[in-house]
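**Q** Input: one structure, supplied below.
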Amino acid sequence: GRCTSAPRRPPRTHPHVRFAAMMRRAAVAAAAGVARRASPTSASGLTIPVPTNSATSAWRAWTAAESTNGRIAGVATARAWSATPSSGFAASAASRSSTTASSSVASSSAHPPSAETLRKIFVFNAVPFVAFGFIDNTVLIYAGDAIDNSVGVAFGLSSLAAAAMGQIFSDTSGVLFGGAIEAWVLRAGFIMPTLTAEQNVMRVTRTTSTAGKVCGVIAGCCLGLLNLLLIDPHAAEKAKEEKEFTAVFRAIMDEGHNVVGCAAASLWIVDYDKRELWTRASSGNKMDDAVVRRPFGCGIVGDVATTGKVSNVADCSKHPKFDVSVDADGVTGFTTHSALTGPVVDEHGRVVAVVQLVNKGG
């Protein structure tokens, strides 16, 4: 006989290959179980065919089934949980709904304040603001006027800048006297009416309170304007003009005194508000830089300011308009013999100043 060989043993597979095959079988089995759970008897009626020749396809099928079943279970659980009155979310939502409803019912059931109550609210808010407005405007006017007449004149500040500086004192006084005013209002018997919480937040209540404050502060500020009747609102402007004219006096009158060759030269400013004439820095006079004031129409200067005509007097002692008090008061420091006086007019022909040259050749 022919010699027969022994049966061949199957080749040994690599451990990694065996492990991969095992994992494929496990995945196929898991996918098959998921497919059975997702049979038509389940919530979604999902049936997933699982290919047996691919572990990757089985894994994807299993993942999709688990995701679908999870969503279905989640929806069902959420519906059951939200339907349960004792659940946290449902209880919270129910609580908020009941609170909103009760608030709406309370607001709709609350009655607005009566006309008498609104009148008391208006008065209670208006009275203290009348005092605030009066004090604020009073301090602003006097502080601004004082600053304008002092610092404003010295540094050439405008009246608006002085008023802004006065506002600092005005606001400070409001803060300092705020508590005293409120205490005075309460001692005077003005009491805020008692309102419910719903009435306090009503629009009619807030509008009435705001209207009282606005009307009160307007009335107080208007009363504060009466202080303007007690001060000279043009004093600062005139002081600033005098300071500006001083430079003009020195620049023009000194040259006129030297060029003309007279003993003294002066520029008199006409003040129609005070009905007077005044001069300063009369070059050549004994009281140089002194302010001299004379009533309107007094002396030769006043006559020229009134008539607007040039006056040339050779002997002042014989002139009926000559003001002997100028020499008697020692302003010039000498006896006035002759005087050449002429008006200075503006573009409208109004006399605004008078130039006088005294003692030609003296």
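Residue names in the structure tokens use chain letters A, B, ... in the order shown, residue numbers from 1 in each chain, and ligand numbers from 1 in the order shown.
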Extract, using only C-alpha atoms, all DNA, RNA and protein residues at most 12 Å from segment 295-302 of chain A, discarding same-chain residues fewer than 6 positions from it, and format them as a ChimeraX atom specification.

**A** /A:266-279,308-313,316-326,336,338-344,351-358

**Q** Kindly export the residues of the current selection with N, CA and C atoms, as a compact mmCIF listing (two decimals), in the first residue's frame.

**A**
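Saved the output as part.txt:
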```
# COMPACT_ATOMS: atom_id res chain seq x y z
N SER A 266 -7.79 164.59 31.07
CA SER A 266 -8.70 163.64 31.72
C SER A 266 -9.74 163.16 30.73
N LEU A 267 -10.22 161.95 30.98
CA LEU A 267 -11.29 161.35 30.17
C LEU A 267 -12.44 161.02 31.11
N TRP A 268 -13.57 161.64 30.89
CA TRP A 268 -14.74 161.45 31.74
C TRP A 268 -15.71 160.48 31.05
N ILE A 269 -16.12 159.45 31.77
CA ILE A 269 -17.06 158.46 31.24
C ILE A 269 -18.47 158.84 31.68
N VAL A 270 -19.40 158.78 30.74
CA VAL A 270 -20.79 159.13 31.03
C VAL A 270 -21.54 157.87 31.45
N ASP A 271 -22.10 157.87 32.65
CA ASP A 271 -22.89 156.74 33.17
C ASP A 271 -24.35 157.18 33.21
N TYR A 272 -25.10 156.75 32.20
CA TYR A 272 -26.50 157.17 32.10
C TYR A 272 -27.38 156.48 33.14
N ASP A 273 -26.99 155.32 33.60
CA ASP A 273 -27.79 154.62 34.61
C ASP A 273 -27.77 155.35 35.94
N LYS A 274 -26.57 155.77 36.35
CA LYS A 274 -26.43 156.50 37.61
C LYS A 274 -26.52 158.01 37.43
N ARG A 275 -26.63 158.45 36.19
CA ARG A 275 -26.72 159.89 35.89
C ARG A 275 -25.52 160.64 36.49
N GLU A 276 -24.34 160.16 36.14
CA GLU A 276 -23.12 160.78 36.65
C GLU A 276 -22.00 160.63 35.64
N LEU A 277 -20.91 161.40 35.87
CA LEU A 277 -19.69 161.27 35.09
C LEU A 277 -18.56 160.92 36.05
N TRP A 278 -17.67 160.06 35.61
CA TRP A 278 -16.56 159.69 36.45
C TRP A 278 -15.29 159.59 35.60
N THR A 279 -14.17 159.83 36.23
CA THR A 279 -12.88 159.75 35.55
C THR A 279 -11.86 159.09 36.45
N GLY A 308 -23.38 167.98 23.88
CA GLY A 308 -22.63 167.35 22.81
C GLY A 308 -21.81 168.32 21.99
N LYS A 309 -21.53 169.52 22.52
CA LYS A 309 -20.77 170.55 21.79
C LYS A 309 -19.41 170.77 22.47
N VAL A 310 -18.42 171.14 21.64
CA VAL A 310 -17.08 171.43 22.14
C VAL A 310 -17.08 172.77 22.87
N SER A 311 -16.35 172.83 23.99
CA SER A 311 -16.25 174.05 24.79
C SER A 311 -14.78 174.42 24.95
N ASN A 312 -14.46 175.69 24.60
CA ASN A 312 -13.09 176.21 24.75
C ASN A 312 -13.16 177.45 25.62
N VAL A 313 -12.75 177.31 26.87
CA VAL A 313 -12.86 178.38 27.86
C VAL A 313 -11.46 178.87 28.18
N CYS A 316 -11.62 180.02 33.07
CA CYS A 316 -12.66 179.17 33.68
C CYS A 316 -13.35 179.87 34.85
N SER A 317 -12.65 180.74 35.54
CA SER A 317 -13.25 181.40 36.70
C SER A 317 -14.45 182.25 36.31
N LYS A 318 -14.54 182.72 35.06
CA LYS A 318 -15.65 183.55 34.62
C LYS A 318 -16.76 182.74 33.93
N HIS A 319 -16.56 181.45 33.80
CA HIS A 319 -17.56 180.63 33.12
C HIS A 319 -18.61 180.17 34.12
N PRO A 320 -19.90 180.35 33.79
CA PRO A 320 -20.95 180.02 34.78
C PRO A 320 -21.04 178.53 35.09
N LYS A 321 -20.56 177.66 34.21
CA LYS A 321 -20.65 176.21 34.42
C LYS A 321 -19.42 175.62 35.11
N PHE A 322 -18.43 176.45 35.38
CA PHE A 322 -17.20 175.92 35.95
C PHE A 322 -17.46 175.38 37.36
N ASP A 323 -16.93 174.19 37.64
CA ASP A 323 -17.09 173.52 38.94
C ASP A 323 -15.85 173.81 39.77
N VAL A 324 -15.98 174.75 40.69
CA VAL A 324 -14.83 175.16 41.51
C VAL A 324 -14.44 174.08 42.51
N SER A 325 -15.33 173.07 42.74
CA SER A 325 -15.01 172.03 43.73
C SER A 325 -13.84 171.17 43.27
N VAL A 326 -13.56 171.14 41.99
CA VAL A 326 -12.43 170.34 41.50
C VAL A 326 -11.12 170.88 42.05
N THR A 336 -7.28 175.92 38.02
CA THR A 336 -7.63 175.76 36.62
C THR A 336 -7.89 177.14 36.00
N SER A 338 -7.63 177.63 32.11
CA SER A 338 -8.27 177.40 30.81
C SER A 338 -8.57 175.91 30.66
N ALA A 339 -9.58 175.62 29.80
CA ALA A 339 -9.98 174.22 29.60
C ALA A 339 -10.56 174.05 28.20
N LEU A 340 -10.10 173.02 27.53
CA LEU A 340 -10.65 172.63 26.23
C LEU A 340 -11.36 171.30 26.42
N THR A 341 -12.66 171.29 26.20
CA THR A 341 -13.49 170.12 26.50
C THR A 341 -14.25 169.72 25.25
N GLY A 342 -14.23 168.42 24.94
CA GLY A 342 -14.94 167.92 23.75
C GLY A 342 -15.60 166.58 24.01
N PRO A 343 -16.72 166.30 23.33
CA PRO A 343 -17.44 165.04 23.54
C PRO A 343 -16.85 163.89 22.70
N VAL A 344 -17.08 162.68 23.18
CA VAL A 344 -16.77 161.45 22.45
C VAL A 344 -18.08 160.73 22.21
N VAL A 351 -23.35 160.64 23.26
CA VAL A 351 -22.14 161.00 23.98
C VAL A 351 -21.85 159.93 25.03
N VAL A 352 -20.69 159.30 24.92
CA VAL A 352 -20.32 158.25 25.85
C VAL A 352 -19.17 158.67 26.76
N ALA A 353 -18.46 159.72 26.38
CA ALA A 353 -17.33 160.19 27.19
C ALA A 353 -17.03 161.64 26.84
N VAL A 354 -16.23 162.28 27.70
CA VAL A 354 -15.83 163.68 27.49
C VAL A 354 -14.33 163.78 27.76
N VAL A 355 -13.60 164.40 26.82
CA VAL A 355 -12.17 164.62 26.97
C VAL A 355 -11.95 166.07 27.36
N GLN A 356 -11.11 166.30 28.37
CA GLN A 356 -10.85 167.67 28.82
C GLN A 356 -9.32 167.87 29.00
N LEU A 357 -8.84 168.93 28.40
CA LEU A 357 -7.43 169.33 28.51
C LEU A 357 -7.40 170.64 29.28
N VAL A 358 -6.58 170.72 30.33
CA VAL A 358 -6.60 171.85 31.25
C VAL A 358 -5.26 172.58 31.21
```

**Q** For Val151 of chain A, find every residue with an atom within 12 Å (counting only C-alpha atoms), except residues of its own chain fewer than 6 positions away, and show them as a tab-separated table (two decimals) with N, CA, C and O atoms, in the first residue's frame.

**A**
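The new file around-v8.tsv reads:
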```tsv
chain	number	residue	atom	x	y	z
A	143	ALA	N	-23.94	134.44	45.82
A	143	ALA	CA	-22.57	133.92	45.68
A	143	ALA	C	-22.02	134.28	44.31
A	143	ALA	O	-20.85	134.72	44.19
A	144	GLY	N	-22.82	134.13	43.26
A	144	GLY	CA	-22.35	134.49	41.93
A	144	GLY	C	-22.06	135.97	41.78
A	144	GLY	O	-21.08	136.36	41.14
A	145	ASP	N	-22.90	136.82	42.41
A	145	ASP	CA	-22.67	138.26	42.34
A	145	ASP	C	-21.39	138.65	43.08
A	145	ASP	O	-20.61	139.49	42.60
A	157	LEU	N	-13.03	137.42	34.56
A	157	LEU	CA	-13.92	136.30	34.29
A	157	LEU	C	-15.28	136.80	33.81
A	157	LEU	O	-15.73	137.90	34.17
A	158	SER	N	-15.94	136.00	33.01
A	158	SER	CA	-17.27	136.36	32.55
A	158	SER	C	-18.30	136.13	33.65
A	158	SER	O	-18.05	135.40	34.62
A	159	SER	N	-19.46	136.74	33.48
A	159	SER	CA	-20.54	136.54	34.46
A	159	SER	C	-21.01	135.10	34.48
A	159	SER	O	-21.43	134.58	35.52
A	161	ALA	N	-19.12	132.45	34.02
A	161	ALA	CA	-18.15	131.70	34.83
A	161	ALA	C	-18.37	131.94	36.32
A	161	ALA	O	-18.27	131.01	37.13
A	162	ALA	N	-18.68	133.18	36.68
A	162	ALA	CA	-18.97	133.48	38.09
A	162	ALA	C	-20.22	132.75	38.56
A	162	ALA	O	-20.29	132.26	39.69
A	163	ALA	N	-21.24	132.67	37.69
A	163	ALA	CA	-22.46	131.94	38.05
A	163	ALA	C	-22.18	130.45	38.24
A	163	ALA	O	-22.73	129.81	39.13
A	165	MET	N	-19.36	129.17	39.25
A	165	MET	CA	-18.68	129.03	40.54
A	165	MET	C	-19.66	129.19	41.69
A	165	MET	O	-19.55	128.53	42.72
A	166	GLY	N	-20.63	130.08	41.52
A	166	GLY	CA	-21.65	130.24	42.55
A	166	GLY	C	-22.53	129.00	42.70
A	166	GLY	O	-23.07	128.74	43.79
A	236	ALA	N	-21.04	144.51	38.49
A	236	ALA	CA	-19.83	143.81	38.04
A	236	ALA	C	-19.42	144.27	36.64
A	236	ALA	O	-18.23	144.45	36.35
A	239	ALA	N	-17.77	147.61	36.96
A	239	ALA	CA	-16.43	147.49	37.53
A	239	ALA	C	-15.43	146.97	36.50
A	239	ALA	O	-14.28	147.42	36.44
A	240	LYS	N	-15.88	146.02	35.67
A	240	LYS	CA	-15.01	145.51	34.62
A	240	LYS	C	-14.72	146.59	33.57
A	240	LYS	O	-13.61	146.69	33.05
```

**Q** My list of candidates is A:Cys262, A:Met192, A:Ala247, A:Ala110. Which is closest to Phe122 of chain A when distances are computed with only C-alpha atoms?

**A**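 Smallest separation from Phe122 of chain A among the options: A:Met192.
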
**Q** What gap, in Å, lies between atom CA of Thr194 of chain A and atom CA of Thr117 of chain A?

**A** 8.8 Å

**Q** Nearest residue to Phe245 of chain A out of A:Leu225, A:Val175, A:Val214, A:Val291, using only C-alpha atoms?

**A**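 Comparing A:Leu225, A:Val175, A:Val214, A:Val291 against Phe245 of chain A, the winner is A:Val291.
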
**Q** Which of segment 213-329 of chain A counts as helix (DSSP H, G or I) under DSSP, as a ChimeraX atom specification please?

**A** /A:213-230,235-260,299-307,316-318,325-328

**Q** Next, the residues of the selection above should be written as a tab-separated table (two decimals), in the first residue's frame with C-alpha atoms.

**A**
```
chain	number	residue	atom	x	y	z
A	213	LYS	CA	-41.63	118.06	43.07
A	214	VAL	CA	-41.38	119.77	39.67
A	215	CYS	CA	-43.98	122.43	40.50
A	216	GLY	CA	-42.40	123.00	43.90
A	217	VAL	CA	-38.87	123.58	42.63
A	218	ILE	CA	-40.14	125.88	39.85
A	219	ALA	CA	-42.09	127.96	42.36
A	220	GLY	CA	-39.11	128.11	44.72
A	221	CYS	CA	-36.73	129.24	41.98
A	222	CYS	CA	-39.18	131.93	40.88
A	223	LEU	CA	-39.36	133.23	44.45
A	224	GLY	CA	-35.58	133.20	44.59
A	225	LEU	CA	-35.45	135.51	41.57
A	226	LEU	CA	-36.88	138.28	43.77
A	227	ASN	CA	-33.38	138.67	45.19
A	228	LEU	CA	-32.39	140.34	41.93
A	229	LEU	CA	-34.41	143.37	43.08
A	230	LEU	CA	-32.07	143.80	46.05
A	235	ALA	CA	-22.28	146.47	39.19
A	236	ALA	CA	-19.83	143.81	38.04
A	237	GLU	CA	-20.08	144.92	34.42
A	238	LYS	CA	-19.38	148.51	35.38
A	239	ALA	CA	-16.43	147.49	37.53
A	240	LYS	CA	-15.01	145.51	34.62
A	241	GLU	CA	-15.52	148.49	32.32
A	242	GLU	CA	-13.73	150.77	34.77
A	243	LYS	CA	-10.81	148.39	34.84
A	244	GLU	CA	-10.71	148.30	31.04
A	245	PHE	CA	-11.01	152.09	30.84
A	246	THR	CA	-8.05	152.47	33.20
A	247	ALA	CA	-5.76	151.04	30.55
A	248	VAL	CA	-7.36	153.33	27.97
A	249	PHE	CA	-6.89	156.32	30.29
A	250	ARG	CA	-3.21	155.61	30.71
A	251	ALA	CA	-2.58	154.86	27.03
A	252	ILE	CA	-4.43	157.83	25.55
A	253	MET	CA	-4.41	160.54	28.18
A	254	ASP	CA	-0.70	160.31	28.87
A	255	GLU	CA	0.00	160.79	25.19
A	256	GLY	CA	-2.49	163.62	24.98
A	257	HIS	CA	-0.96	165.30	28.01
A	258	ASN	CA	2.51	165.16	26.47
A	259	VAL	CA	1.54	165.97	22.86
A	260	VAL	CA	-0.74	168.91	23.58
A	299	GLY	CA	-19.50	171.77	35.52
A	300	ILE	CA	-18.14	172.33	32.06
A	301	VAL	CA	-17.72	168.57	31.54
A	302	GLY	CA	-21.36	167.94	32.43
A	303	ASP	CA	-22.49	170.73	30.10
A	304	VAL	CA	-20.55	169.23	27.17
A	305	ALA	CA	-21.93	165.76	27.94
A	306	THR	CA	-25.46	167.18	27.88
A	307	THR	CA	-25.19	169.36	24.76
A	316	CYS	CA	-12.66	179.17	33.68
A	317	SER	CA	-13.25	181.40	36.70
A	318	LYS	CA	-15.65	183.55	34.62
A	325	SER	CA	-15.01	172.03	43.73
A	326	VAL	CA	-12.43	170.34	41.50
A	327	ASP	CA	-9.78	172.80	42.59
A	328	ALA	CA	-11.16	173.11	46.12
```

**Q** Could you jot down the atom CA of Asn125 of chain A to atom CA of Ser209 of chain A separation for me, Å, one decimal place?

**A**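 If I compute the distance from atom CA of Asn125 of chain A to atom CA of Ser209 of chain A, I get 6.0 Å.
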
**Q** Write out as an mmCIF file with N, CA, C and O atoms, in the first residue's frame the set of residues from segment 103-304 of chain A that DSSP, computed on the backbone, places in strand (DSSP E).

**A**
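Everything below was put into selection_2.cif:
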```
data_model
loop_
_atom_site.group_PDB
_atom_site.id
_atom_site.type_symbol
_atom_site.label_atom_id
_atom_site.label_comp_id
_atom_site.auth_asym_id
_atom_site.auth_seq_id
_atom_site.Cartn_x
_atom_site.Cartn_y
_atom_site.Cartn_z
ATOM 1 N N CYS A 262 -0.243 170.361 27.932
ATOM 2 C CA CYS A 262 -1.123 170.992 28.922
ATOM 3 C C CYS A 262 -0.772 170.467 30.307
ATOM 4 O O CYS A 262 -0.023 169.493 30.463
ATOM 5 N N ALA A 263 -1.354 171.131 31.313
ATOM 6 C CA ALA A 263 -1.038 170.758 32.693
ATOM 7 C C ALA A 263 -1.671 169.430 33.071
ATOM 8 O O ALA A 263 -1.092 168.646 33.832
ATOM 9 N N ALA A 264 -2.859 169.118 32.557
ATOM 10 C CA ALA A 264 -3.555 167.888 32.913
ATOM 11 C C ALA A 264 -4.501 167.498 31.789
ATOM 12 O O ALA A 264 -4.987 168.353 31.042
ATOM 13 N N ALA A 265 -4.747 166.228 31.674
ATOM 14 C CA ALA A 265 -5.693 165.695 30.686
ATOM 15 C C ALA A 265 -6.539 164.635 31.371
ATOM 16 O O ALA A 265 -6.029 163.838 32.176
ATOM 17 N N SER A 266 -7.790 164.594 31.066
ATOM 18 C CA SER A 266 -8.702 163.644 31.721
ATOM 19 C C SER A 266 -9.745 163.160 30.726
ATOM 20 O O SER A 266 -10.095 163.861 29.776
ATOM 21 N N LEU A 267 -10.220 161.952 30.980
ATOM 22 C CA LEU A 267 -11.290 161.352 30.172
ATOM 23 C C LEU A 267 -12.439 161.016 31.113
ATOM 24 O O LEU A 267 -12.295 160.184 32.008
ATOM 25 N N TRP A 268 -13.565 161.643 30.888
ATOM 26 C CA TRP A 268 -14.737 161.452 31.736
ATOM 27 C C TRP A 268 -15.712 160.484 31.046
ATOM 28 O O TRP A 268 -16.075 160.684 29.897
ATOM 29 N N ILE A 269 -16.118 159.447 31.769
ATOM 30 C CA ILE A 269 -17.063 158.459 31.242
ATOM 31 C C ILE A 269 -18.473 158.839 31.684
ATOM 32 O O ILE A 269 -18.706 159.164 32.852
ATOM 33 N N VAL A 270 -19.398 158.785 30.740
ATOM 34 C CA VAL A 270 -20.794 159.131 31.031
ATOM 35 C C VAL A 270 -21.536 157.866 31.450
ATOM 36 O O VAL A 270 -21.595 156.886 30.692
ATOM 37 N N ASP A 271 -22.100 157.866 32.654
ATOM 38 C CA ASP A 271 -22.892 156.745 33.174
ATOM 39 C C ASP A 271 -24.351 157.177 33.207
ATOM 40 O O ASP A 271 -24.796 157.887 34.117
ATOM 41 N N GLU A 276 -24.336 160.158 36.138
ATOM 42 C CA GLU A 276 -23.120 160.775 36.652
ATOM 43 C C GLU A 276 -21.997 160.629 35.642
ATOM 44 O O GLU A 276 -22.093 159.854 34.669
ATOM 45 N N LEU A 277 -20.912 161.395 35.871
ATOM 46 C CA LEU A 277 -19.693 161.269 35.093
ATOM 47 C C LEU A 277 -18.559 160.920 36.053
ATOM 48 O O LEU A 277 -18.512 161.421 37.174
ATOM 49 N N TRP A 278 -17.670 160.064 35.609
ATOM 50 C CA TRP A 278 -16.557 159.694 36.451
ATOM 51 C C TRP A 278 -15.292 159.592 35.597
ATOM 52 O O TRP A 278 -15.339 159.337 34.395
ATOM 53 N N THR A 279 -14.166 159.825 36.230
ATOM 54 C CA THR A 279 -12.882 159.749 35.552
ATOM 55 C C THR A 279 -11.858 159.087 36.452
ATOM 56 O O THR A 279 -12.035 159.021 37.679
ATOM 57 N N VAL A 292 -12.793 160.119 40.345
ATOM 58 C CA VAL A 292 -13.532 161.329 40.642
ATOM 59 C C VAL A 292 -14.901 161.218 39.988
ATOM 60 O O VAL A 292 -15.006 160.893 38.803
ATOM 61 N N ARG A 293 -15.964 161.472 40.758
ATOM 62 C CA ARG A 293 -17.323 161.376 40.246
ATOM 63 C C ARG A 293 -18.036 162.718 40.416
ATOM 64 O O ARG A 293 -17.907 163.373 41.448
ATOM 65 N N ARG A 294 -18.786 163.076 39.400
ATOM 66 C CA ARG A 294 -19.570 164.304 39.421
ATOM 67 C C ARG A 294 -20.959 164.023 38.881
ATOM 68 O O ARG A 294 -21.119 163.191 37.965
ATOM 69 N N PRO A 295 -21.984 164.692 39.415
ATOM 70 C CA PRO A 295 -23.346 164.490 38.910
ATOM 71 C C PRO A 295 -23.462 164.881 37.445
ATOM 72 O O PRO A 295 -22.710 165.714 36.940
#
```

**Q** To one decimal place in Å, what is the distance between atom CA of Ala126 of chain A and atom CA of Thr205 of chain A?

**A**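 Between these atoms lies a distance of 13.9 Å.
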